[in-house]
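Enquirer: The structure follows.
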Amino acid sequence: MIHVRRFAENPLIVPERVQPWHPNCEIVGAFNAGVARFQNETLLLLRIAERPIAKNAAEVPSLYFDPVKKRTVVRLFNRNDPSLNFEDSRTIRPADRLDHFIGLTSLSYLRLARSHDGRHFTVDDRPFIYPSNRRQMFGVEDARITQIGNTYYIYFSAVSPEGIGINLVTTEDFEHYDDHGLIFAPENKDTVIFPEKINGKFYALNRPSPKSIGDPDIWIAESNNLKYWGNHRHLLSVRPSQWDAERIGSGAVPILTEKGWLEIYHGATPNGRYCLGALLLDRFNPAKILARSKEPILEPEADYEKKGFFGEVVFTCGGLARGDTLRLYYGAADRSMAGAELKISEILQELGR
Ligand code: MAN
């Protein structure tokens, strides 16, 4: 039995508490944050979703970064335009081709929040990572952070008209960063880099979305330098008619336990309900699966997880392990940030270890 102890302070960060960065705009989400420890503080690298305030019910204004003008511009859509579909709160699609994409209803960028106790956070008043080129023009989203020595490897979805890929940057001070471009080409999301070399190699889990044959499954890749990745292998499949039937993706940066690497991943149903489950990988060969949870370890139950910008979603980009306690941070309903504590031993027991 896994006891999930949600923080009494949940939701920890809500969009109303974050000041918009652009004039005449509103924040619709402060969620899906990467997590790091830096100078005795817990840092959350939040995904902030911002959009212009609509002037009337028919107007759907959106933002994107114009890589030629080098600034953020507003694009207006009309909700009554019969050639467009607005049913998914996150995207604007052609009415006759719902598998195609025209734009996102908000622009995401990454902003830091800092805390001394891991429960009360102060959000920086400016972005830390903001779209700055064509491959990021529709936003940067869902950062994960792996610390190796004094270097923090930060990688996130970079969204552009050419697709969604994984962009790597590095920082040592959370003030400046170096941009290393895409480490996984479109479409790829939900990458996590293991925090140490295993048998002389770095490893990353990632989630391509094949368009002709294959499912949005989890893959594993190797690298000598964290920038060039190869030996790509399929790792984990979606499971028809279960909670992780439609798509899966890695969530938290893997945690080394006495039984192997513990990975908290997300799975979604065809109607878009996102839950979190656990995966145990071999300590010396992370391409070998030792166990996978049958039931979710965390599912949308609280009000702030069920209702939001896109409801029925719990989505993690990281946690902090201390002894047997895993402090997991997660985005709730594509809107706010929440936290919960779980016992690693209980998760391992549920996995049959
Ligand atoms: C999906 C969702 C959105 C996200 C886009 C682009 O539609 O995950 O939240 O903005 O993909 O990544």
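Just remember, in the structure tokens the first chain shown is A, the second B, etc., residues are 1-based per chain, and ligands are 1-based in the order shown.
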Output as a Markdown table one row per residue of chain A within 7 Å of ligand 1: the closest atom pair and its distance in Å to one decimal place, counting only C-alpha atoms and all ligand atoms, sorted by chain and residue number ascending.
Expert:
```
| residue | atom | partner | partner_atom_place_in_ligand_line | distance |
| --- | --- | --- | --- | --- |
| A:Arg90 | CA | ligand 1 | 3 (C) | 5.5 |
| A:Thr91 | CA | ligand 1 | 7 (O) | 6.0 |
| A:Leu104 | CA | ligand 1 | 10 (O) | 6.4 |
| A:Glu141 | CA | ligand 1 | 12 (O) | 6.7 |
| A:Ser157 | CA | ligand 1 | 12 (O) | 6.5 |
| A:Val159 | CA | ligand 1 | 12 (O) | 6.1 |
| A:Ile164 | CA | ligand 1 | 12 (O) | 6.4 |
| A:Asp334 | CA | ligand 1 | 9 (O) | 7.0 |
```
Enquirer: Keeping N, CA, C and O atoms for every residue in the selection just given, could you write it to a file as a PDB file, in the first residue's frame?
Expert:
```pdb
ATOM      1  N   ARG A  90      -5.795  23.614 -25.130  1.00  0.00           N
ATOM      2  CA  ARG A  90      -4.371  23.874 -25.278  1.00  0.00           C
ATOM      3  C   ARG A  90      -3.948  24.261 -26.688  1.00  0.00           C
ATOM      4  O   ARG A  90      -2.915  24.885 -26.886  1.00  0.00           O
ATOM      5  N   THR A  91      -4.754  23.837 -27.677  1.00  0.00           N
ATOM      6  CA  THR A  91      -4.298  23.975 -29.066  1.00  0.00           C
ATOM      7  C   THR A  91      -5.370  24.552 -29.988  1.00  0.00           C
ATOM      8  O   THR A  91      -6.564  24.476 -29.703  1.00  0.00           O
ATOM      9  N   LEU A 104      -0.717  27.247 -30.419  1.00  0.00           N
ATOM     10  CA  LEU A 104      -1.038  26.960 -29.026  1.00  0.00           C
ATOM     11  C   LEU A 104      -1.807  28.156 -28.473  1.00  0.00           C
ATOM     12  O   LEU A 104      -1.572  29.291 -28.885  1.00  0.00           O
ATOM     13  N   GLU A 141       8.787  24.246 -22.702  1.00  0.00           N
ATOM     14  CA  GLU A 141       7.854  23.619 -21.762  1.00  0.00           C
ATOM     15  C   GLU A 141       8.493  22.454 -21.019  1.00  0.00           C
ATOM     16  O   GLU A 141       9.368  21.781 -21.545  1.00  0.00           O
ATOM     17  N   SER A 157      10.961  20.743 -23.658  1.00  0.00           N
ATOM     18  CA  SER A 157      10.359  20.696 -24.985  1.00  0.00           C
ATOM     19  C   SER A 157      10.490  22.076 -25.612  1.00  0.00           C
ATOM     20  O   SER A 157      10.115  23.074 -25.001  1.00  0.00           O
ATOM     21  N   VAL A 159       9.062  24.071 -28.810  1.00  0.00           N
ATOM     22  CA  VAL A 159       7.939  23.898 -29.729  1.00  0.00           C
ATOM     23  C   VAL A 159       8.054  24.896 -30.877  1.00  0.00           C
ATOM     24  O   VAL A 159       8.207  26.100 -30.650  1.00  0.00           O
ATOM     25  N   ILE A 164       8.114  19.391 -32.097  1.00  0.00           N
ATOM     26  CA  ILE A 164       8.543  19.530 -30.704  1.00  0.00           C
ATOM     27  C   ILE A 164       9.762  18.644 -30.486  1.00  0.00           C
ATOM     28  O   ILE A 164       9.697  17.431 -30.682  1.00  0.00           O
ATOM     29  N   ASP A 334      -2.689  21.053 -15.572  1.00  0.00           N
ATOM     30  CA  ASP A 334      -2.036  22.033 -16.466  1.00  0.00           C
ATOM     31  C   ASP A 334      -2.233  23.460 -15.964  1.00  0.00           C
ATOM     32  O   ASP A 334      -2.347  24.412 -16.753  1.00  0.00           O
TER      33      ASP A 334
END
```
Enquirer: Please list as a PyMOL selection string every residue within 6 Å of segment 317-322 of chain A, counting only C-alpha atoms and excluding residues in the same chain fewer than 2 positions away.
Expert: chain A and resi 32-35+144+251-253+325-329
Enquirer: Tell me, as a list of chain:residue names, which residues lie within 10 Å of Ala54 of chain A, counting only C-alpha atoms; anything in the same chain fewer than 6 positions away does not count.
Expert: A:Asn24, A:Cys25, A:Glu26, A:Val60, A:Pro61, A:Ser62, A:Leu76
Enquirer: Please provide the set of residues having any atom within 10 Å of Ala36 of chain A, restricted to only C-alpha atoms, with same-chain residues fewer than 6 positions apart removed, written as a list in words.
Expert: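 In the requested format, the answer is Thr42, Leu43, Leu44, Leu45, Arg114, Arg144, Ile145, Thr146, Gln147, Tyr152, Ile154, Gly318, Gly319 and Leu320 of chain A.
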Enquirer: Kindly save the residues from that selection, with N, CA, C and O atoms included, as a PDB file, in the first residue's frame.
Expert:
```pdb
ATOM      1  N   THR A  42      15.381  24.937  -2.481  1.00  0.00           N
ATOM      2  CA  THR A  42      14.719  24.109  -3.489  1.00  0.00           C
ATOM      3  C   THR A  42      14.286  25.047  -4.601  1.00  0.00           C
ATOM      4  O   THR A  42      13.607  26.046  -4.355  1.00  0.00           O
ATOM      5  N   LEU A  43      14.717  24.724  -5.825  1.00  0.00           N
ATOM      6  CA  LEU A  43      14.306  25.527  -6.977  1.00  0.00           C
ATOM      7  C   LEU A  43      13.273  24.758  -7.785  1.00  0.00           C
ATOM      8  O   LEU A  43      13.441  23.562  -8.032  1.00  0.00           O
ATOM      9  N   LEU A  44      12.233  25.443  -8.187  1.00  0.00           N
ATOM     10  CA  LEU A  44      11.304  24.882  -9.165  1.00  0.00           C
ATOM     11  C   LEU A  44      11.443  25.729 -10.424  1.00  0.00           C
ATOM     12  O   LEU A  44      11.319  26.958 -10.366  1.00  0.00           O
ATOM     13  N   LEU A  45      11.741  25.062 -11.538  1.00  0.00           N
ATOM     14  CA  LEU A  45      11.797  25.790 -12.806  1.00  0.00           C
ATOM     15  C   LEU A  45      10.433  25.600 -13.467  1.00  0.00           C
ATOM     16  O   LEU A  45      10.169  24.596 -14.133  1.00  0.00           O
ATOM     17  N   ARG A 114      11.694  29.833  -5.723  1.00  0.00           N
ATOM     18  CA  ARG A 114      12.700  29.421  -4.731  1.00  0.00           C
ATOM     19  C   ARG A 114      12.063  29.225  -3.369  1.00  0.00           C
ATOM     20  O   ARG A 114      11.131  29.941  -3.003  1.00  0.00           O
ATOM     21  N   ARG A 144      13.176  19.450 -17.216  1.00  0.00           N
ATOM     22  CA  ARG A 144      13.746  18.546 -16.211  1.00  0.00           C
ATOM     23  C   ARG A 144      15.173  19.024 -15.960  1.00  0.00           C
ATOM     24  O   ARG A 144      15.817  19.586 -16.867  1.00  0.00           O
ATOM     25  N   ILE A 145      15.664  18.773 -14.747  1.00  0.00           N
ATOM     26  CA  ILE A 145      16.999  19.233 -14.377  1.00  0.00           C
ATOM     27  C   ILE A 145      17.793  18.070 -13.795  1.00  0.00           C
ATOM     28  O   ILE A 145      17.333  17.418 -12.852  1.00  0.00           O
ATOM     29  N   THR A 146      18.963  17.804 -14.366  1.00  0.00           N
ATOM     30  CA  THR A 146      19.871  16.795 -13.819  1.00  0.00           C
ATOM     31  C   THR A 146      21.145  17.490 -13.379  1.00  0.00           C
ATOM     32  O   THR A 146      21.788  18.179 -14.181  1.00  0.00           O
ATOM     33  N   GLN A 147      21.497  17.317 -12.118  1.00  0.00           N
ATOM     34  CA  GLN A 147      22.738  17.916 -11.620  1.00  0.00           C
ATOM     35  C   GLN A 147      23.851  16.888 -11.711  1.00  0.00           C
ATOM     36  O   GLN A 147      23.725  15.767 -11.206  1.00  0.00           O
ATOM     37  N   TYR A 152      24.300  22.051 -13.910  1.00  0.00           N
ATOM     38  CA  TYR A 152      22.891  21.656 -13.998  1.00  0.00           C
ATOM     39  C   TYR A 152      22.524  21.537 -15.476  1.00  0.00           C
ATOM     40  O   TYR A 152      22.654  22.517 -16.230  1.00  0.00           O
ATOM     41  N   ILE A 154      19.718  21.289 -17.986  1.00  0.00           N
ATOM     42  CA  ILE A 154      18.292  21.607 -18.045  1.00  0.00           C
ATOM     43  C   ILE A 154      17.824  21.316 -19.468  1.00  0.00           C
ATOM     44  O   ILE A 154      18.446  21.786 -20.430  1.00  0.00           O
ATOM     45  N   GLY A 318       9.915  16.067 -11.722  1.00  0.00           N
ATOM     46  CA  GLY A 318      11.017  15.842 -10.793  1.00  0.00           C
ATOM     47  C   GLY A 318      10.592  15.792  -9.343  1.00  0.00           C
ATOM     48  O   GLY A 318       9.512  16.236  -8.959  1.00  0.00           O
ATOM     49  N   GLY A 319      11.489  15.242  -8.545  1.00  0.00           N
ATOM     50  CA  GLY A 319      11.280  15.169  -7.103  1.00  0.00           C
ATOM     51  C   GLY A 319      12.631  15.182  -6.417  1.00  0.00           C
ATOM     52  O   GLY A 319      13.679  15.185  -7.075  1.00  0.00           O
ATOM     53  N   LEU A 320      12.608  15.189  -5.101  1.00  0.00           N
ATOM     54  CA  LEU A 320      13.852  15.150  -4.335  1.00  0.00           C
ATOM     55  C   LEU A 320      13.765  13.989  -3.360  1.00  0.00           C
ATOM     56  O   LEU A 320      12.793  13.869  -2.615  1.00  0.00           O
TER      57      LEU A 320
END
```
Enquirer: Using only C-alpha atoms, which protein or nucleic acid residues come within 6 Å of Ala204 of chain A? Drop anything in the same chain fewer than 4 positions from it, and give the result as a PyMOL selection string.
Expert: chain A and resi 192-193+220-221
Enquirer: Would you put the residues from that selection into a file with all heavy atoms, as an mmCIF file, in the first residue's frame?
Expert:
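Output file result27.cif follows:
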```
data_model
loop_
_atom_site.group_PDB
_atom_site.id
_atom_site.type_symbol
_atom_site.label_atom_id
_atom_site.label_comp_id
_atom_site.auth_asym_id
_atom_site.auth_seq_id
_atom_site.Cartn_x
_atom_site.Cartn_y
_atom_site.Cartn_z
ATOM 1 N N VAL A 192 14.441 12.360 -19.686
ATOM 2 C CA VAL A 192 15.128 12.486 -18.388
ATOM 3 C C VAL A 192 16.528 11.894 -18.529
ATOM 4 O O VAL A 192 16.703 10.808 -19.088
ATOM 5 C CB VAL A 192 14.373 11.803 -17.212
ATOM 6 C CG1 VAL A 192 13.042 12.480 -16.944
ATOM 7 C CG2 VAL A 192 14.174 10.316 -17.414
ATOM 8 N N ILE A 193 17.518 12.635 -18.034
ATOM 9 C CA ILE A 193 18.918 12.193 -18.079
ATOM 10 C C ILE A 193 19.294 11.658 -16.703
ATOM 11 O O ILE A 193 19.063 12.325 -15.686
ATOM 12 C CB ILE A 193 19.840 13.363 -18.494
ATOM 13 C CG1 ILE A 193 19.504 13.829 -19.928
ATOM 14 C CG2 ILE A 193 21.312 12.952 -18.386
ATOM 15 C CD1 ILE A 193 20.301 15.037 -20.411
ATOM 16 N N ILE A 220 15.216 4.468 -24.707
ATOM 17 C CA ILE A 220 16.425 4.782 -23.943
ATOM 18 C C ILE A 220 17.584 4.992 -24.917
ATOM 19 O O ILE A 220 17.661 4.322 -25.956
ATOM 20 C CB ILE A 220 16.729 3.679 -22.892
ATOM 21 C CG1 ILE A 220 17.858 4.110 -21.960
ATOM 22 C CG2 ILE A 220 17.024 2.318 -23.552
ATOM 23 C CD1 ILE A 220 17.934 3.304 -20.671
ATOM 24 N N ALA A 221 18.454 5.968 -24.619
ATOM 25 C CA ALA A 221 19.599 6.274 -25.476
ATOM 26 C C ALA A 221 20.837 6.447 -24.609
ATOM 27 O O ALA A 221 20.734 6.652 -23.397
ATOM 28 C CB ALA A 221 19.332 7.548 -26.271
#
```
Enquirer: Fewer than 6 positions away in the same chain doesn't count, so skip those; otherwise give me all residues within 8 Å of Leu290 of chain A, counting only C-alpha atoms, as a ChimeraX atom specification.
Expert: /A:279-282
Enquirer: Using DSSP on the backbone coordinates, identify the residues of segment 33-130 of chain A assigned to strand (DSSP E); present them as a VMD selection string.
Expert: chain A and resid 33 to 38 41 to 52 59 to 66 71 to 78 84 to 85 91 to 94 103 to 104 107 to 115 122 to 123
Enquirer: Within 9 Å of Gln136 of chain A, counting only C-alpha atoms, which residues show up once you throw out same-chain ones fewer than 3 positions away? Write them as a list in words, please.
Expert: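 Neighbouring residues, sequence-local ones excluded: Phe65, Pro67, Tyr130, Pro131, Ser132, Asn133, Gly139, Val140, Ser157, Ala158, Val159, Ser160, Ile164 and Asn167 of chain A.
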Enquirer: Which residue is closest to Lys211 of chain A? Choose from A:Ile198, A:Pro20, A:Lys306, A:Glu187 and count only C-alpha atoms.
Expert: A:Glu187
